[in-house]
file coords_15.pdb (PDB, C-alpha atoms and all ligand atoms)
ATOM      1  CA  MET T   1      88.595 -32.918-252.855  1.00  0.00           C
ATOM      2  CA  ALA T   2      86.939 -30.723-255.455  1.00  0.00           C
ATOM      3  CA  ARG T   3      87.626 -27.110-256.327  1.00  0.00           C
ATOM      4  CA  VAL T   4      85.499 -24.668-258.351  1.00  0.00           C
ATOM      5  CA  GLY T   5      86.418 -21.652-260.450  1.00  0.00           C
ATOM      6  CA  GLN T   6      84.466 -19.059-262.357  1.00  0.00           C
ATOM      7  CA  GLY T   7      85.283 -17.149-265.520  1.00  0.00           C
ATOM      8  CA  TRP T   8      83.685 -14.234-267.294  1.00  0.00           C
ATOM      9  CA  ASP T   9      84.622 -12.471-270.497  1.00  0.00           C
ATOM     10  CA  LEU T  10      83.228  -9.922-272.926  1.00  0.00           C
ATOM     11  CA  HIS T  11      84.464  -8.681-276.265  1.00  0.00           C
ATOM     12  CA  ARG T  12      83.170  -6.011-278.583  1.00  0.00           C
ATOM     13  CA  LEU T  13      81.693  -6.938-281.973  1.00  0.00           C
ATOM     14  CA  ALA T  14      82.953  -5.276-285.147  1.00  0.00           C
ATOM     15  CA  ALA T  15      81.966  -5.526-288.805  1.00  0.00           C
ATOM     16  CA  GLY T  16      83.297  -8.496-290.745  1.00  0.00           C
ATOM     17  CA  GLY T  17      82.831 -12.193-290.040  1.00  0.00           C
ATOM     18  CA  PRO T  18      83.065 -14.984-289.426  1.00  0.00           C
ATOM     19  CA  LEU T  19      82.505 -15.149-285.700  1.00  0.00           C
ATOM     20  CA  ARG T  20      84.809 -17.393-283.638  1.00  0.00           C
ATOM     21  CA  LEU T  21      82.928 -18.751-280.644  1.00  0.00           C
ATOM     22  CA  GLY T  22      83.929 -21.712-278.537  1.00  0.00           C
ATOM     23  CA  GLY T  23      86.619 -22.592-281.039  1.00  0.00           C
ATOM     24  CA  VAL T  24      83.993 -22.942-283.765  1.00  0.00           C
ATOM     25  CA  GLU T  25      83.500 -20.743-286.801  1.00  0.00           C
ATOM     26  CA  VAL T  26      79.956 -19.348-286.781  1.00  0.00           C
ATOM     27  CA  PRO T  27      78.737 -17.699-290.010  1.00  0.00           C
ATOM     28  CA  PHE T  28      77.941 -14.067-289.130  1.00  0.00           C
ATOM     29  CA  ASP T  29      78.661 -10.624-290.563  1.00  0.00           C
ATOM     30  CA  GLN T  30      80.494  -9.513-287.404  1.00  0.00           C
ATOM     31  CA  SER T  31      83.398 -10.845-285.347  1.00  0.00           C
ATOM     32  CA  LEU T  32      84.786 -10.277-281.862  1.00  0.00           C
ATOM     33  CA  VAL T  33      87.602  -7.785-281.354  1.00  0.00           C
ATOM     34  CA  GLY T  34      90.457  -8.644-279.022  1.00  0.00           C
ATOM     35  CA  HIS T  35      94.210  -8.893-278.756  1.00  0.00           C
ATOM     36  CA  SER T  36      93.779 -12.594-279.544  1.00  0.00           C
ATOM     37  CA  ASP T  37      90.882 -13.839-281.674  1.00  0.00           C
ATOM     38  CA  GLY T  38      88.471 -12.538-279.010  1.00  0.00           C
ATOM     39  CA  ASP T  39      86.820 -15.897-278.384  1.00  0.00           C
ATOM     40  CA  VAL T  40      84.869 -15.097-275.213  1.00  0.00           C
ATOM     41  CA  VAL T  41      83.831 -18.710-274.641  1.00  0.00           C
ATOM     42  CA  LEU T  42      87.375 -20.064-274.648  1.00  0.00           C
ATOM     43  CA  HIS T  43      88.568 -17.160-272.497  1.00  0.00           C
ATOM     44  CA  ALA T  44      85.811 -17.628-269.897  1.00  0.00           C
ATOM     45  CA  VAL T  45      86.485 -21.375-269.702  1.00  0.00           C
ATOM     46  CA  ALA T  46      90.236 -20.790-269.381  1.00  0.00           C
ATOM     47  CA  ASP T  47      89.682 -18.293-266.552  1.00  0.00           C
ATOM     48  CA  ALA T  48      87.302 -20.688-264.782  1.00  0.00           C
ATOM     49  CA  LEU T  49      89.932 -23.447-264.906  1.00  0.00           C
ATOM     50  CA  LEU T  50      92.703 -21.106-263.766  1.00  0.00           C
ATOM     51  CA  GLY T  51      90.407 -19.921-260.972  1.00  0.00           C
ATOM     52  CA  ALA T  52      89.761 -23.484-259.839  1.00  0.00           C
ATOM     53  CA  ALA T  53      93.526 -24.053-259.766  1.00  0.00           C
ATOM     54  CA  ALA T  54      94.116 -20.683-258.000  1.00  0.00           C
ATOM     55  CA  ALA T  55      96.582 -20.025-260.801  1.00  0.00           C
ATOM     56  CA  GLY T  56      95.822 -16.428-261.755  1.00  0.00           C
ATOM     57  CA  ASP T  57      94.026 -15.540-264.964  1.00  0.00           C
ATOM     58  CA  LEU T  58      94.485 -15.615-268.716  1.00  0.00           C
ATOM     59  CA  GLY T  59      96.087 -12.159-268.736  1.00  0.00           C
ATOM     60  CA  VAL T  60      98.786 -13.319-266.323  1.00  0.00           C
ATOM     61  CA  HIS T  61      99.718 -16.342-268.420  1.00  0.00           C
ATOM     62  CA  PHE T  62      99.246 -14.737-271.844  1.00  0.00           C
ATOM     63  CA  PRO T  63      99.741 -10.952-271.422  1.00  0.00           C
ATOM     64  CA  SER T  64      98.375  -8.673-274.148  1.00  0.00           C
ATOM     65  CA  SER T  65     101.752  -6.878-273.986  1.00  0.00           C
ATOM     66  CA  ASN T  66     103.250  -9.916-275.760  1.00  0.00           C
ATOM     67  CA  PRO T  67     103.192  -9.124-279.493  1.00  0.00           C
ATOM     68  CA  ALA T  68     103.584 -12.819-280.306  1.00  0.00           C
ATOM     69  CA  LEU T  69     100.064 -13.372-278.973  1.00  0.00           C
ATOM     70  CA  ARG T  70      98.407 -10.867-281.322  1.00  0.00           C
ATOM     71  CA  GLY T  71      95.560 -12.616-283.164  1.00  0.00           C
ATOM     72  CA  VAL T  72      96.503 -15.956-281.607  1.00  0.00           C
ATOM     73  CA  ASP T  73      94.012 -18.815-281.889  1.00  0.00           C
ATOM     74  CA  SER T  74      92.512 -18.986-278.383  1.00  0.00           C
ATOM     75  CA  ALA T  75      92.183 -22.760-278.779  1.00  0.00           C
ATOM     76  CA  ILE T  76      95.948 -22.903-278.285  1.00  0.00           C
ATOM     77  CA  LEU T  77      95.661 -20.859-275.082  1.00  0.00           C
ATOM     78  CA  LEU T  78      92.872 -23.009-273.645  1.00  0.00           C
ATOM     79  CA  ALA T  79      94.736 -26.229-274.446  1.00  0.00           C
ATOM     80  CA  LYS T  80      97.777 -24.825-272.594  1.00  0.00           C
ATOM     81  CA  VAL T  81      95.610 -23.898-269.606  1.00  0.00           C
ATOM     82  CA  ALA T  82      94.110 -27.404-269.527  1.00  0.00           C
ATOM     83  CA  LYS T  83      97.630 -28.826-269.558  1.00  0.00           C
ATOM     84  CA  LEU T  84      98.699 -26.507-266.715  1.00  0.00           C
ATOM     85  CA  VAL T  85      95.714 -27.612-264.631  1.00  0.00           C
ATOM     86  CA  GLY T  86      96.732 -31.222-265.187  1.00  0.00           C
ATOM     87  CA  GLU T  87     100.321 -30.467-264.211  1.00  0.00           C
ATOM     88  CA  ARG T  88      99.050 -29.105-260.903  1.00  0.00           C
ATOM     89  CA  GLY T  89      97.565 -32.507-260.125  1.00  0.00           C
ATOM     90  CA  LEU T  90      94.013 -31.508-260.965  1.00  0.00           C
ATOM     91  CA  ARG T  91      91.540 -33.351-263.177  1.00  0.00           C
ATOM     92  CA  ILE T  92      88.651 -31.548-264.866  1.00  0.00           C
ATOM     93  CA  GLY T  93      85.332 -32.664-263.391  1.00  0.00           C
ATOM     94  CA  ASN T  94      82.966 -30.586-265.499  1.00  0.00           C
ATOM     95  CA  VAL T  95      82.614 -27.226-267.178  1.00  0.00           C
ATOM     96  CA  ASP T  96      79.393 -25.252-267.691  1.00  0.00           C
ATOM     97  CA  VAL T  97      79.254 -22.241-270.004  1.00  0.00           C
ATOM     98  CA  THR T  98      76.568 -19.658-270.697  1.00  0.00           C
ATOM     99  CA  ILE T  99      76.966 -17.469-273.780  1.00  0.00           C
ATOM    100  CA  LEU T 100      75.195 -14.099-273.774  1.00  0.00           C
ATOM    101  CA  ALA T 101      74.557 -12.992-277.345  1.00  0.00           C
ATOM    102  CA  GLU T 102      71.658 -11.211-279.001  1.00  0.00           C
ATOM    103  CA  ARG T 103      72.621 -12.512-282.446  1.00  0.00           C
ATOM    104  CA  PRO T 104      73.319 -14.774-284.246  1.00  0.00           C
ATOM    105  CA  LYS T 105      71.077 -17.664-283.227  1.00  0.00           C
ATOM    106  CA  LEU T 106      73.503 -20.089-281.589  1.00  0.00           C
ATOM    107  CA  ALA T 107      71.286 -23.142-281.080  1.00  0.00           C
ATOM    108  CA  PRO T 108      72.578 -24.842-284.266  1.00  0.00           C
ATOM    109  CA  PHE T 109      76.172 -24.536-282.973  1.00  0.00           C
ATOM    110  CA  MET T 110      75.801 -25.712-279.373  1.00  0.00           C
ATOM    111  CA  ALA T 111      76.800 -29.320-280.086  1.00  0.00           C
ATOM    112  CA  ALA T 112      79.820 -28.288-282.150  1.00  0.00           C
ATOM    113  CA  ILE T 113      81.023 -25.909-279.406  1.00  0.00           C
ATOM    114  CA  GLN T 114      80.491 -28.598-276.738  1.00  0.00           C
ATOM    115  CA  ASN T 115      82.516 -31.108-278.754  1.00  0.00           C
ATOM    116  CA  ARG T 116      85.279 -28.618-279.525  1.00  0.00           C
ATOM    117  CA  LEU T 117      85.610 -27.644-275.842  1.00  0.00           C
ATOM    118  CA  ALA T 118      85.738 -31.308-274.854  1.00  0.00           C
ATOM    119  CA  GLU T 119      88.458 -31.887-277.440  1.00  0.00           C
ATOM    120  CA  LEU T 120      90.557 -28.949-276.213  1.00  0.00           C
ATOM    121  CA  LEU T 121      90.132 -29.963-272.569  1.00  0.00           C
ATOM    122  CA  GLU T 122      90.702 -33.658-273.367  1.00  0.00           C
ATOM    123  CA  VAL T 123      87.549 -34.756-271.561  1.00  0.00           C
ATOM    124  CA  GLU T 124      84.448 -36.561-272.774  1.00  0.00           C
ATOM    125  CA  PRO T 125      81.688 -34.245-274.120  1.00  0.00           C
ATOM    126  CA  ALA T 126      79.362 -35.244-271.259  1.00  0.00           C
ATOM    127  CA  ARG T 127      81.612 -33.195-268.933  1.00  0.00           C
ATOM    128  CA  VAL T 128      80.979 -30.015-270.935  1.00  0.00           C
ATOM    129  CA  SER T 129      77.743 -28.013-271.008  1.00  0.00           C
ATOM    130  CA  VAL T 130      77.107 -25.020-273.250  1.00  0.00           C
ATOM    131  CA  LYS T 131      74.037 -22.797-273.137  1.00  0.00           C
ATOM    132  CA  ALA T 132      73.122 -19.574-274.911  1.00  0.00           C
ATOM    133  CA  LYS T 133      70.838 -16.716-273.899  1.00  0.00           C
ATOM    134  CA  THR T 134      69.985 -13.294-275.265  1.00  0.00           C
ATOM    135  CA  ALA T 135      69.944 -10.117-273.164  1.00  0.00           C
ATOM    136  CA  GLU T 136      66.336  -9.316-274.098  1.00  0.00           C
ATOM    137  CA  GLY T 137      67.504  -6.341-276.137  1.00  0.00           C
ATOM    138  CA  LEU T 138      68.979  -4.617-273.072  1.00  0.00           C
ATOM    139  CA  GLY T 139      72.416  -3.080-272.603  1.00  0.00           C
ATOM    140  CA  ALA T 140      75.473  -3.420-274.819  1.00  0.00           C
ATOM    141  CA  ILE T 141      74.874  -7.136-275.376  1.00  0.00           C
ATOM    142  CA  GLY T 142      71.206  -6.583-276.136  1.00  0.00           C
ATOM    143  CA  ARG T 143      72.086  -3.908-278.685  1.00  0.00           C
ATOM    144  CA  GLY T 144      74.382  -6.388-280.403  1.00  0.00           C
ATOM    145  CA  GLU T 145      77.550  -4.454-279.548  1.00  0.00           C
ATOM    146  CA  ALA T 146      79.221  -7.257-277.630  1.00  0.00           C
ATOM    147  CA  ILE T 147      79.079 -10.936-276.741  1.00  0.00           C
ATOM    148  CA  ALA T 148      79.888 -12.235-273.256  1.00  0.00           C
ATOM    149  CA  ALA T 149      80.380 -15.650-271.741  1.00  0.00           C
ATOM    150  CA  LEU T 150      80.222 -17.005-268.200  1.00  0.00           C
ATOM    151  CA  ALA T 151      81.800 -20.270-267.172  1.00  0.00           C
ATOM    152  CA  VAL T 152      82.213 -22.392-264.088  1.00  0.00           C
ATOM    153  CA  ALA T 153      84.624 -25.281-263.815  1.00  0.00           C
ATOM    154  CA  LEU T 154      84.913 -27.985-261.221  1.00  0.00           C
ATOM    155  CA  VAL T 155      88.229 -29.769-260.888  1.00  0.00           C
ATOM    156  CA  GLU T 156      89.151 -32.717-258.723  1.00  0.00           C
ATOM    157  CA  VAL T 157      92.438 -33.330-257.013  1.00  0.00           C
ATOM    158  CA  ALA T 158      93.711 -36.303-258.989  1.00  0.00           C
TER     159      ALA T 158
HETATM  160 ZN    ZN T 201      88.796 -12.361-273.831  1.00  0.00          ZN
END
call {"tool": "encode", "arguments": {"input": "coords_15.pdb", "output": "structure tokens"}}
result
Amino acid sequence: MARVGQGWDLHRLAAGGPLRLGGVEVPFDQSLVGHSDGDVVLHAVADALLGAAAAGDLGVHFPSSNPALRGVDSAILLAKVAKLVGERGLRIGNVDVTILAERPKLAPFMAAIQNRLAELLEVEPARVSVKAKTAEGLGAIGRGEAIAALAVALVEVA
């Protein structure tokens, strides 16, 4: 049996880099603002996995009311989510992510983000897909005020 989950996240951009995206440091003069490091890619993937496991969302497991989580490396959170999914008897089938960002150009970083996600999820890179799109200059993302990420995850009952 297979189960699917979806995840979506958005964080505001503020002056001062570097940008943390998909667990990778991307040279840029802005970074994402959040209670944690604001890594929208890792948050969307974590929510997709939690959704597939019907196990709530990132905010339930790592509440922003917890001061210990302030500025936490989201890689730690995603690795914990992957572990939780495994403990529920589920095995990650594949993950597909779309990043919505007007700038910077992310094409040079796609492979690094794919490999980093695979490492955190403890799956082979072929099970992870990462894509990036702009918002054609429209809305908050198009104006470069925010970056968002969408993710779907398929898990299999091990
Ligand atoms: Zn987030």
call {"tool": "residues_near_ligand", "arguments": {"input": "coords_15.pdb", "ligand": "ligand ZN 201 (chain T)", "cutoff": "9 Å", "atoms": "only C-alpha atoms and all ligand atoms", "output": "JSON, numbers by chain"}}
result
{"T": [8, 9, 10, 11, 33, 34, 35, 36, 37, 38, 39, 40, 41, 42, 43, 44, 58, 59, 74, 148]}
call {"tool": "resolve_selection", "arguments": {"input": "coords_15.pdb", "expression": "the PyMOL selection byres (((chain T and resi 82-97) around 9) and not hetatm)", "output": "NGL selection string"}}
result
:T and (2 or 41 or 44-46 or 48-50 or 52-53 or 55 or 77-81 or 98-99 or 120-123 or 126-132 or 149-158)
call {"tool": "closest_residue", "arguments": {"input": "coords_15.pdb", "among": "T:Leu106, T:Val26, T:Ala101, T:Ala75", "to": "T:Arg12", "atoms": "only C-alpha atoms"}}
result
T:Ala101
call {"tool": "closest_residue", "arguments": {"input": "coords_15.pdb", "among": "T:Ala68, T:Ala140, T:Ile76, T:Ala14", "to": "T:Glu119", "atoms": "only C-alpha atoms"}}
result
T:Ile76
call {"tool": "atom_distance", "arguments": {"input": "coords_15.pdb", "atom1": "atom CA of T:Asp29", "atom2": "atom CA of T:Ala15"}}
result
6.3 Å
call {"tool": "atom_distance", "arguments": {"input": "coords_15.pdb", "atom1": "atom CA of T:Glu102", "atom2": "atom CA of T:Gln6"}}
result
22.4 Å
call {"tool": "closest_residue", "arguments": {"input": "coords_15.pdb", "among": "T:Arg3, T:Arg116, T:Arg103, T:His61", "to": "T:Ala135", "atoms": "all atoms listed in the file"}}
result
T:Arg103
call {"tool": "atom_distance", "arguments": {"input": "coords_15.pdb", "atom1": "atom CA of T:Glu145", "atom2": "atom CA of T:Gly16"}}
result
13.2 Å
call {"tool": "closest_residue", "arguments": {"input": "coords_15.pdb", "among": "T:Pro67, T:Gly17, T:Gly144, T:Ala54", "to": "T:Gln30", "atoms": "all atoms listed in the file"}}
result
T:Gly17
call {"tool": "closest_residue", "arguments": {"input": "coords_15.pdb", "among": "T:Gly5, T:Gly51, T:Gly139, T:Gly23", "to": "T:Ala111", "atoms": "only C-alpha atoms"}}
result
T:Gly23
call {"tool": "closest_residue", "arguments": {"input": "coords_15.pdb", "among": "T:Val24, T:Leu13, T:Leu32, T:Ala146", "to": "T:Ala112", "atoms": "all atoms listed in the file"}}
result
T:Val24
call {"tool": "build_atoms", "arguments": {"input": "coords_15.pdb", "residues": "stretch 121-132 of chain T", "atoms": "all heavy atoms", "output": "CSV table (one decimal), in the frame of the given file"}}
result
chain,number,residue,atom,x,y,z
T,121,LEU,N,89.9,-29.7,-274.0
T,121,LEU,CA,90.1,-30.0,-272.6
T,121,LEU,C,90.5,-31.4,-272.4
T,121,LEU,O,90.8,-31.8,-271.2
T,121,LEU,CB,88.9,-29.6,-271.7
T,121,LEU,CG,88.4,-28.2,-271.8
T,121,LEU,CD1,87.1,-28.0,-271.0
T,121,LEU,CD2,89.5,-27.2,-271.3
T,122,GLU,N,90.4,-32.2,-273.4
T,122,GLU,CA,90.7,-33.7,-273.4
T,122,GLU,C,89.8,-34.4,-272.3
T,122,GLU,O,90.3,-35.1,-271.5
T,122,GLU,CB,92.2,-33.9,-273.1
T,122,GLU,CG,93.0,-33.4,-274.3
T,122,GLU,CD,94.5,-33.7,-274.2
T,122,GLU,OE1,94.9,-34.5,-273.3
T,122,GLU,OE2,95.3,-33.2,-275.0
T,123,VAL,N,88.5,-34.1,-272.4
T,123,VAL,CA,87.5,-34.8,-271.6
T,123,VAL,C,86.4,-35.2,-272.5
T,123,VAL,O,86.3,-34.7,-273.6
T,123,VAL,CB,87.0,-33.8,-270.4
T,123,VAL,CG1,88.1,-33.4,-269.5
T,123,VAL,CG2,86.2,-32.6,-271.0
T,124,GLU,N,85.6,-36.1,-272.0
T,124,GLU,CA,84.4,-36.6,-272.8
T,124,GLU,C,83.4,-35.4,-272.8
T,124,GLU,O,83.3,-34.7,-271.9
T,124,GLU,CB,83.8,-37.9,-272.3
T,124,GLU,CG,83.4,-37.9,-270.8
T,124,GLU,CD,84.5,-38.4,-269.9
T,124,GLU,OE1,85.7,-38.0,-270.1
T,124,GLU,OE2,84.2,-39.1,-268.9
T,125,PRO,N,82.7,-35.3,-274.0
T,125,PRO,CA,81.7,-34.2,-274.1
T,125,PRO,C,80.7,-34.2,-273.0
T,125,PRO,O,80.2,-33.1,-272.7
T,125,PRO,CB,81.0,-34.6,-275.5
T,125,PRO,CG,82.1,-35.4,-276.2
T,125,PRO,CD,82.8,-36.2,-275.2
T,126,ALA,N,80.4,-35.3,-272.3
T,126,ALA,CA,79.4,-35.2,-271.3
T,126,ALA,C,79.8,-34.4,-270.1
T,126,ALA,O,79.0,-34.0,-269.2
T,126,ALA,CB,79.1,-36.7,-270.8
T,127,ARG,N,81.1,-34.0,-270.0
T,127,ARG,CA,81.6,-33.2,-268.9
T,127,ARG,C,81.5,-31.7,-269.3
T,127,ARG,O,82.0,-30.9,-268.5
T,127,ARG,CB,83.1,-33.6,-268.6
T,127,ARG,CG,83.2,-34.9,-267.9
T,127,ARG,CD,84.6,-35.2,-267.6
T,127,ARG,NE,84.8,-36.6,-267.1
T,127,ARG,CZ,84.8,-36.8,-265.8
T,127,ARG,NH1,84.7,-35.9,-264.9
T,127,ARG,NH2,84.9,-38.1,-265.3
T,128,VAL,N,81.0,-31.4,-270.5
T,128,VAL,CA,81.0,-30.0,-270.9
T,128,VAL,C,79.5,-29.6,-271.3
T,128,VAL,O,78.8,-30.4,-272.0
T,128,VAL,CB,81.9,-29.8,-272.2
T,128,VAL,CG1,81.8,-28.4,-272.7
T,128,VAL,CG2,83.3,-30.2,-271.9
T,129,SER,N,79.1,-28.5,-270.7
T,129,SER,CA,77.7,-28.0,-271.0
T,129,SER,C,77.9,-26.6,-271.6
T,129,SER,O,78.7,-25.8,-271.1
T,129,SER,CB,76.9,-28.0,-269.7
T,129,SER,OG,75.9,-27.1,-269.8
T,130,VAL,N,77.1,-26.3,-272.6
T,130,VAL,CA,77.1,-25.0,-273.2
T,130,VAL,C,75.7,-24.6,-273.4
T,130,VAL,O,74.8,-25.3,-274.0
T,130,VAL,CB,77.8,-25.0,-274.6
T,130,VAL,CG1,77.9,-23.6,-275.2
T,130,VAL,CG2,79.2,-25.7,-274.5
T,131,LYS,N,75.4,-23.3,-273.0
T,131,LYS,CA,74.0,-22.8,-273.1
T,131,LYS,C,74.2,-21.4,-273.7
T,131,LYS,O,75.2,-20.8,-273.6
T,131,LYS,CB,73.3,-22.7,-271.8
T,131,LYS,CG,73.5,-24.0,-271.0
T,131,LYS,CD,72.7,-24.0,-269.7
T,131,LYS,CE,73.2,-23.0,-268.6
T,131,LYS,NZ,74.6,-23.3,-268.2
T,132,ALA,N,73.1,-20.9,-274.4
T,132,ALA,CA,73.1,-19.6,-274.9
T,132,ALA,C,71.8,-18.8,-274.5
T,132,ALA,O,70.8,-19.4,-274.5
T,132,ALA,CB,73.3,-19.6,-276.4
